[in-house]
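J.: File follows, final.txt with compact mmCIF, C-alpha atoms:
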```
# COMPACT_ATOMS: atom_id res chain seq x y z
CA MET A 392 63.83 61.92 16.82
CA LYS A 393 65.52 58.58 16.28
CA LYS A 394 65.54 57.95 20.02
CA THR A 395 61.79 58.62 20.19
CA LEU A 396 61.01 56.14 17.34
CA LEU A 397 63.13 53.42 18.94
CA ALA A 398 61.31 53.86 22.26
CA LEU A 399 57.87 53.61 20.64
CA THR A 400 58.90 50.46 18.70
CA ALA A 401 60.10 48.77 21.89
CA VAL A 402 56.84 49.58 23.72
CA ALA A 403 54.73 48.17 20.82
CA ALA A 404 56.73 44.94 20.72
CA MET A 405 56.34 44.41 24.46
CA THR A 406 52.56 45.13 24.29
CA GLY A 407 52.02 42.63 21.40
CA SER A 408 53.87 39.88 23.26
CA ALA A 409 51.82 40.42 26.37
CA SER A 410 48.53 40.37 24.41
CA ALA A 411 49.47 37.09 22.68
CA ALA A 412 50.33 35.51 26.02
CA ASP A 413 47.01 36.64 27.52
CA LEU A 414 44.99 35.08 24.65
CA GLY A 415 46.45 31.60 25.18
CA ALA A 416 45.97 28.63 22.81
CA ARG A 417 42.76 28.37 20.76
CA PRO A 418 40.34 25.67 22.04
CA TYR A 419 39.95 22.57 19.75
CA ALA A 420 36.53 22.42 18.03
CA LYS A 421 35.34 18.97 16.94
CA ALA A 422 33.86 18.85 13.44
CA PRO A 423 30.07 18.47 13.40
CA MET A 424 28.87 14.91 12.86
CA PRO A 425 27.16 14.25 9.50
CA ALA A 426 23.45 13.52 9.36
CA PRO A 427 22.53 9.81 9.45
CA VAL A 428 22.05 8.20 6.05
CA ALA A 429 20.36 4.94 5.08
CA ASN A 430 20.33 2.74 2.00
CA TRP A 431 16.81 1.74 0.87
CA THR A 432 17.95 0.25 -2.44
CA GLY A 433 17.36 -3.50 -2.68
CA PHE A 434 14.88 -6.39 -2.53
CA TYR A 435 12.29 -6.99 0.18
CA VAL A 436 9.48 -9.40 1.07
CA PHE A 437 6.43 -8.87 3.26
CA GLY A 438 3.37 -10.53 4.74
CA GLY A 439 0.42 -9.33 6.81
CA GLY A 440 -3.31 -8.81 6.85
CA GLY A 441 -6.15 -6.38 7.35
CA GLY A 442 -9.77 -5.55 6.67
CA GLY A 443 -11.74 -4.24 3.75
CA LEU A 444 -14.99 -2.82 2.44
CA SER A 445 -16.67 -3.87 -0.80
CA ASN A 446 -19.12 -1.80 -2.86
CA ALA A 447 -20.77 -2.57 -6.20
CA ASP A 448 -23.21 -0.83 -8.53
CA GLN A 449 -25.61 -3.60 -9.60
CA GLN A 450 -28.59 -4.01 -11.87
CA ILE A 451 -30.56 -6.96 -13.22
CA VAL A 452 -30.60 -7.24 -17.03
CA ASP A 453 -32.29 -9.53 -19.52
CA THR A 454 -29.95 -12.43 -20.30
CA ALA A 455 -30.83 -12.54 -23.98
CA THR A 456 -30.87 -8.83 -24.82
CA GLY A 457 -29.02 -7.07 -22.00
CA THR A 458 -32.00 -4.77 -21.43
CA PRO A 459 -32.03 -3.37 -17.88
CA LEU A 460 -34.86 -4.80 -15.76
CA THR A 461 -34.10 -2.80 -12.59
CA ILE A 462 -32.47 0.49 -11.65
CA THR A 463 -28.80 0.48 -10.63
CA GLN A 464 -28.35 0.01 -6.88
CA ARG A 465 -25.27 0.30 -4.66
CA GLN A 466 -24.64 -2.85 -2.60
CA GLY A 467 -21.89 -3.33 -0.04
CA GLY A 468 -20.16 -5.56 2.48
CA SER A 469 -16.97 -6.06 4.48
CA GLY A 470 -14.49 -8.70 5.61
CA TRP A 471 -10.84 -9.61 6.25
CA PHE A 472 -7.86 -10.72 4.17
CA GLY A 473 -4.21 -11.77 4.32
CA THR A 474 -1.45 -10.60 1.99
CA VAL A 475 2.05 -11.62 0.86
CA GLY A 476 4.36 -9.95 -1.63
CA ALA A 477 7.80 -8.81 -2.73
CA GLY A 478 9.42 -5.81 -4.37
CA TYR A 479 12.52 -3.82 -5.22
CA ASP A 480 13.31 -0.19 -4.33
CA TRP A 481 15.78 2.38 -5.66
CA GLN A 482 16.87 5.34 -3.52
CA PHE A 483 17.77 8.50 -5.44
CA SER A 484 18.41 12.20 -4.78
CA GLY A 485 19.08 11.42 -1.14
CA THR A 486 15.54 11.31 0.26
CA TRP A 487 13.45 9.85 -2.60
CA VAL A 488 12.64 6.16 -3.11
CA ALA A 489 10.98 4.56 -6.17
CA GLY A 490 10.14 0.89 -6.59
CA VAL A 491 8.19 -1.91 -8.23
CA PHE A 492 6.25 -4.62 -6.38
CA GLY A 493 3.73 -7.42 -6.65
CA ASP A 494 1.44 -8.95 -4.04
CA ALA A 495 -1.46 -11.37 -3.57
CA GLN A 496 -4.43 -11.30 -1.18
CA PHE A 497 -6.63 -14.09 0.11
CA GLY A 498 -9.55 -14.03 2.48
CA SER A 499 -13.25 -13.27 2.77
CA ILE A 500 -14.55 -9.83 1.81
CA ARG A 501 -18.28 -10.32 1.27
CA SER A 502 -20.90 -8.23 -0.52
CA THR A 503 -24.61 -8.58 -1.26
CA ILE A 504 -26.24 -9.44 -4.59
CA GLN A 505 -30.01 -9.08 -5.04
CA ASP A 506 -32.55 -9.80 -7.75
CA PRO A 507 -35.70 -7.90 -6.73
CA THR A 508 -37.69 -9.28 -9.68
CA PHE A 509 -37.60 -12.73 -8.04
CA ASP A 510 -37.09 -11.54 -4.44
CA ILE A 511 -33.84 -13.48 -4.04
CA THR A 512 -30.52 -12.47 -2.46
CA GLY A 513 -27.04 -13.90 -1.99
CA ASN A 514 -23.59 -13.17 -0.53
CA GLN A 515 -20.69 -12.87 -2.93
CA LYS A 516 -17.14 -13.35 -1.62
CA LEU A 517 -13.92 -11.81 -2.90
CA GLU A 518 -11.69 -14.85 -2.39
CA THR A 519 -8.36 -13.89 -3.95
CA SER A 520 -6.80 -10.91 -5.69
CA TRP A 521 -3.40 -9.78 -6.92
CA ALA A 522 -1.70 -6.52 -7.79
CA ALA A 523 1.40 -5.36 -9.66
CA GLY A 524 2.47 -1.76 -9.48
CA VAL A 525 4.93 1.00 -8.72
CA ARG A 526 5.44 3.26 -5.74
CA LEU A 527 7.13 6.58 -5.04
CA GLY A 528 8.11 7.68 -1.56
CA TRP A 529 9.89 10.35 0.45
CA LEU A 530 12.04 9.70 3.51
CA VAL A 531 10.46 11.53 6.43
CA ALA A 532 13.43 10.24 8.47
CA PRO A 533 16.35 7.97 7.48
CA ASN A 534 14.31 4.91 8.54
CA VAL A 535 10.75 6.14 7.80
CA LEU A 536 9.27 6.14 4.28
CA SER A 537 5.97 7.79 3.31
CA TYR A 538 4.74 6.66 -0.12
CA VAL A 539 1.97 6.47 -2.73
CA ASN A 540 1.44 3.58 -5.12
CA GLY A 541 -0.71 2.41 -8.03
CA GLY A 542 -0.99 -0.20 -10.75
CA TYR A 543 -2.96 -3.11 -12.22
CA SER A 544 -5.05 -5.59 -10.24
CA GLY A 545 -7.12 -8.73 -10.73
CA ALA A 546 -9.67 -10.44 -8.46
CA HIS A 547 -11.58 -13.71 -8.25
CA PHE A 548 -15.12 -13.69 -6.88
CA GLY A 549 -16.50 -17.02 -5.66
CA ARG A 550 -19.82 -18.71 -6.37
CA THR A 551 -22.93 -16.98 -5.00
CA ASN A 552 -25.88 -19.12 -3.85
CA PHE A 553 -29.24 -17.32 -3.76
CA THR A 554 -31.93 -17.67 -1.14
CA THR A 555 -35.46 -16.35 -0.83
CA LEU A 556 -36.31 -13.58 1.62
CA GLY A 557 -37.19 -16.28 4.15
CA GLY A 558 -33.75 -17.90 3.86
CA THR A 559 -34.84 -20.90 1.78
CA PRO A 560 -32.46 -21.94 -1.05
CA ALA A 561 -33.77 -20.51 -4.31
CA GLY A 562 -32.26 -23.19 -6.53
CA VAL A 563 -30.16 -20.69 -8.53
CA HIS A 564 -26.65 -19.26 -8.27
CA LEU A 565 -23.92 -17.17 -9.90
CA ASN A 566 -20.76 -19.01 -10.91
CA GLY A 567 -17.40 -17.68 -9.77
CA TYR A 568 -15.63 -15.30 -12.14
CA ASP A 569 -12.59 -13.04 -12.51
CA ARG A 570 -12.38 -9.27 -12.91
CA HIS A 571 -9.55 -6.88 -13.74
CA GLY A 572 -8.94 -3.23 -13.00
CA TRP A 573 -6.56 -0.79 -11.34
CA PHE A 574 -5.67 0.46 -7.88
CA ILE A 575 -4.24 3.46 -6.06
CA GLY A 576 -3.05 3.74 -2.47
CA GLY A 577 -0.42 4.90 -0.05
CA GLY A 578 1.14 4.22 3.31
CA VAL A 579 4.04 4.50 5.73
CA GLU A 580 6.92 2.05 6.22
CA ASN A 581 9.27 2.31 9.20
CA SER A 582 12.13 0.42 10.77
CA LEU A 583 11.45 -1.67 13.89
CA ASN A 584 14.59 -0.33 15.59
CA ILE A 585 12.59 1.38 18.34
CA PHE A 586 12.57 1.53 22.12
CA GLY A 587 16.20 0.41 22.21
CA ILE A 588 15.46 -2.83 20.34
CA THR A 589 17.77 -3.60 17.40
CA SER A 590 16.21 -5.49 14.49
CA PRO A 591 18.34 -4.92 11.36
CA GLY A 592 16.36 -5.32 8.15
CA TRP A 593 12.93 -5.62 9.79
CA PHE A 594 10.25 -3.05 9.02
CA MET A 595 6.51 -2.57 9.41
CA LYS A 596 4.22 -0.92 6.86
CA THR A 597 0.60 0.19 7.05
CA GLU A 598 -1.17 0.81 3.75
CA TYR A 599 -4.52 1.98 2.40
CA ARG A 600 -5.61 0.81 -1.07
CA SER A 601 -8.60 1.37 -3.38
CA ALA A 602 -9.13 -1.17 -6.18
CA PHE A 603 -11.62 -0.58 -8.99
CA TYR A 604 -12.79 -3.53 -11.12
CA ASN A 605 -14.62 -3.28 -14.43
CA ALA A 606 -18.32 -4.08 -14.82
CA LYS A 607 -19.23 -7.59 -15.88
CA THR A 608 -22.47 -9.41 -16.71
CA GLU A 609 -23.05 -12.90 -15.30
CA ALA A 610 -26.13 -15.06 -15.89
CA ILE A 611 -28.06 -16.37 -12.89
CA ARG A 612 -27.97 -20.17 -13.34
CA THR A 613 -29.96 -23.13 -12.10
CA ASP A 614 -28.42 -25.36 -9.46
CA ILE A 615 -29.53 -28.39 -11.46
CA GLY A 616 -27.84 -28.51 -14.84
CA ASP A 617 -26.12 -25.11 -14.47
CA LEU A 618 -28.46 -23.61 -17.07
CA PRO A 619 -28.76 -19.83 -17.59
CA THR A 620 -32.03 -18.22 -16.48
CA ILE A 621 -33.75 -15.24 -18.09
CA ASN A 622 -32.06 -12.82 -15.65
CA SER A 623 -28.41 -11.77 -15.36
CA VAL A 624 -26.52 -9.56 -12.91
CA ARG A 625 -24.38 -6.72 -14.21
CA ALA A 626 -22.08 -5.09 -11.64
CA ASN A 627 -18.75 -3.40 -11.11
CA SER A 628 -16.74 -3.58 -7.89
CA TRP A 629 -14.88 -1.09 -5.70
CA ASN A 630 -12.84 -2.48 -2.79
CA GLN A 631 -11.10 -0.46 -0.09
CA THR A 632 -8.58 -2.13 2.23
CA ILE A 633 -6.26 -1.25 5.11
CA SER A 634 -3.44 -3.65 5.92
CA THR A 635 -0.42 -3.92 8.20
CA SER A 636 2.54 -6.04 7.11
CA LEU A 637 5.91 -7.14 8.44
CA VAL A 638 8.69 -6.36 5.93
CA TYR A 639 12.20 -7.79 5.64
CA ARG A 640 14.83 -5.90 3.60
CA PHE A 641 17.72 -8.10 2.51
CA ASN A 642 20.42 -5.42 2.20
CA TRP A 643 19.42 -2.90 4.86
CA THR A 644 22.56 -0.99 5.91
CA GLY A 645 21.35 2.11 7.68
CA PRO A 646 21.15 4.49 9.20
CA VAL A 647 24.96 4.74 9.36
CA VAL A 648 26.89 7.55 11.11
CA ALA A 649 30.57 8.21 10.41
CA LYS A 650 32.86 7.61 13.40
CA TYR A 651 35.75 9.79 14.56
```
Show me the file's structure as structure tokens.
T.:
Amino acid sequence: MKKTLLALTAVAAMTGSASAADLGARPYAKAPMPAPVANWTGFYVFGGGGGGLSNADQQIVDTATGTPLTITQRQGGSGWFGTVGAGYDWQFSGTWVAGVFGDAQFGSIRSTIQDPTFDITGNQKLETSWAAGVRLGWLVAPNVLSYVNGGYSGAHFGRTNFTTLGGTPAGVHLNGYDRHGWFIGGGVENSLNIFGITSPGWFMKTEYRSAFYNAKTEAIRTDIGDLPTINSVRANSWNQTISTSLVYRFNWTGPVVAKY
């Protein structure tokens, strides 16, 4: 019996050695590379331009009493503008970005003003505006941010000179004035590191924005003496814009991939 056990043990030892030799050394597996990360936290500046549409609900009212003299009518127009601004972003929870910003616009977005009681019309121009707000975005990719924004806005509308239906100066005008309101919007911002071109810190953003300004009553005035007439214009304003801007981020450090 002992001889049989010793023989079996010897055979098992020889078989195990042969199997280990046949397996050979395990191949080396390189650790998977981590996903690229980017740091969006920091200050940035931007400048660009675009186009816009202007709409207003207008009616003519009695200057002395405010009594409506016409029904409310929707008037509109369009134009172009330029924009400059700056902001600060915070990146949190990996793929979320929140920030504050301010910007200013300048240009020529025109709309129509009419007084049908005197058959006169004029073009009003949105000359300048500004906005201060917040934005919240999600990183579609390490260098691509999709975001929504909103906040407070102000606008300056220039002087409007009225003409008759035949184009003759009517001798009356609206003085320039300011309005205030709020805005909402959204857009996409992406790095310009594309097509093999390296441009650290440089981005491009395209943004849509709707700005709503409160209704205001302005007296139609005489060109001579700037005296108020018996009619006034009461109107609100709704402006929609699309802009494209070049952005520079001062502390852009990504995306970064760990090296082995």
J.: For CA of Ser601 in chain A and CA of Leu527 in chain A, quote the distance in Å rounded to one decimal.
T.: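 Computing the Euclidean distance for CA of Ser601 in chain A and CA of Leu527 in chain A yields 16.7 Å.
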J.: For each of A:Val539, A:Ile615, A:Val638, A:Ala447, take the minimum atom-to-atom distance to Leu583 in chain A, counting all atoms listed in the file, then give the residue where this is smallest.
T.: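 Once distances to Leu583 in chain A are computed over all atoms listed in the file, the minimum belongs to A:Val638.
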J.: So, with all atoms listed in the file as the atoms that count, which of A:Ser582, A:Thr432, A:Thr635, A:Thr503 lies closest to Lys596 in chain A?
T.: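 Ranked by minimum distance to Lys596 in chain A, first place goes to A:Thr635.
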J.: Considering only C-alpha atoms, tabulate each residue of range 505-607 of chain A that lies at most 7 Å from range 621-629 of chain A along with its nearest interatomic pair and the corresponding distance in Å to one decimal; arrange the rows by chain and ascending residue number and present them as JSON lines.
T.:
```
{"residue": "A:Ala602", "atom": "CA", "partner": "A:Trp629", "partner_atom": "CA", "distance": 5.8}
{"residue": "A:Phe603", "atom": "CA", "partner": "A:Trp629", "partner_atom": "CA", "distance": 4.7}
{"residue": "A:Tyr604", "atom": "CA", "partner": "A:Ser628", "partner_atom": "CA", "distance": 5.1}
{"residue": "A:Asn605", "atom": "CA", "partner": "A:Asn627", "partner_atom": "CA", "distance": 5.3}
{"residue": "A:Ala606", "atom": "CA", "partner": "A:Asn627", "partner_atom": "CA", "distance": 3.8}
{"residue": "A:Lys607", "atom": "CA", "partner": "A:Arg625", "partner_atom": "CA", "distance": 5.5}
```
J.: Using only C-alpha atoms, pick whichever of A:Thr554, A:Asn584, A:Gln515, A:Thr597 has the shortest atom-to-atom distance to Gly567 in chain A.
T.: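 Looking at the shortest contact to Gly567 in chain A, the residue is A:Gln515.
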J.: Could you check which residues have any atom within 10 Å of (2.3, -4.8, -9.5), counting only C-alpha atoms with coordinates taken straight from the file, and then list them as a ChimeraX atom specification?
T.: /A:476-478,491-495,521-526,540-544,573-574
J.: With C-alpha atoms retained, write the just-selected residues as a compact mmCIF listing (two decimals), keeping the file's coordinate frame.
T.:
```txt
# COMPACT_ATOMS: atom_id res chain seq x y z
CA GLY A 476 4.36 -9.95 -1.63
CA ALA A 477 7.80 -8.81 -2.73
CA GLY A 478 9.42 -5.81 -4.37
CA VAL A 491 8.19 -1.91 -8.23
CA PHE A 492 6.25 -4.62 -6.38
CA GLY A 493 3.73 -7.42 -6.65
CA ASP A 494 1.44 -8.95 -4.04
CA ALA A 495 -1.46 -11.37 -3.57
CA TRP A 521 -3.40 -9.78 -6.92
CA ALA A 522 -1.70 -6.52 -7.79
CA ALA A 523 1.40 -5.36 -9.66
CA GLY A 524 2.47 -1.76 -9.48
CA VAL A 525 4.93 1.00 -8.72
CA ARG A 526 5.44 3.26 -5.74
CA ASN A 540 1.44 3.58 -5.12
CA GLY A 541 -0.71 2.41 -8.03
CA GLY A 542 -0.99 -0.20 -10.75
CA TYR A 543 -2.96 -3.11 -12.22
CA SER A 544 -5.05 -5.59 -10.24
CA TRP A 573 -6.56 -0.79 -11.34
CA PHE A 574 -5.67 0.46 -7.88
```
J.: Pick from A:Trp593, A:Asp617, A:Leu536, A:Asn630: nearest to Tyr435 in chain A, with only C-alpha atoms counted?
T.: A:Trp593
J.: Applying 9 Å and all atoms listed in the file, which residues near Thr463 in chain A remain after dropping the ones on its own chain fewer than 3 positions away? List them as a list of chain:residue names.
T.: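 So the residues in contact are A:Asp448, A:Gln449, A:Gln450, A:Ile451, A:Pro459, A:Ala626.
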J.: For each of A:Ala429, A:Gly443, A:Asp506, A:Asp453, take the minimum atom-to-atom distance to Thr486 in chain A, counting all atoms listed in the file, then give the residue where this is smallest.
T.: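 Distance minimum relative to Thr486 in chain A lands on A:Ala429.
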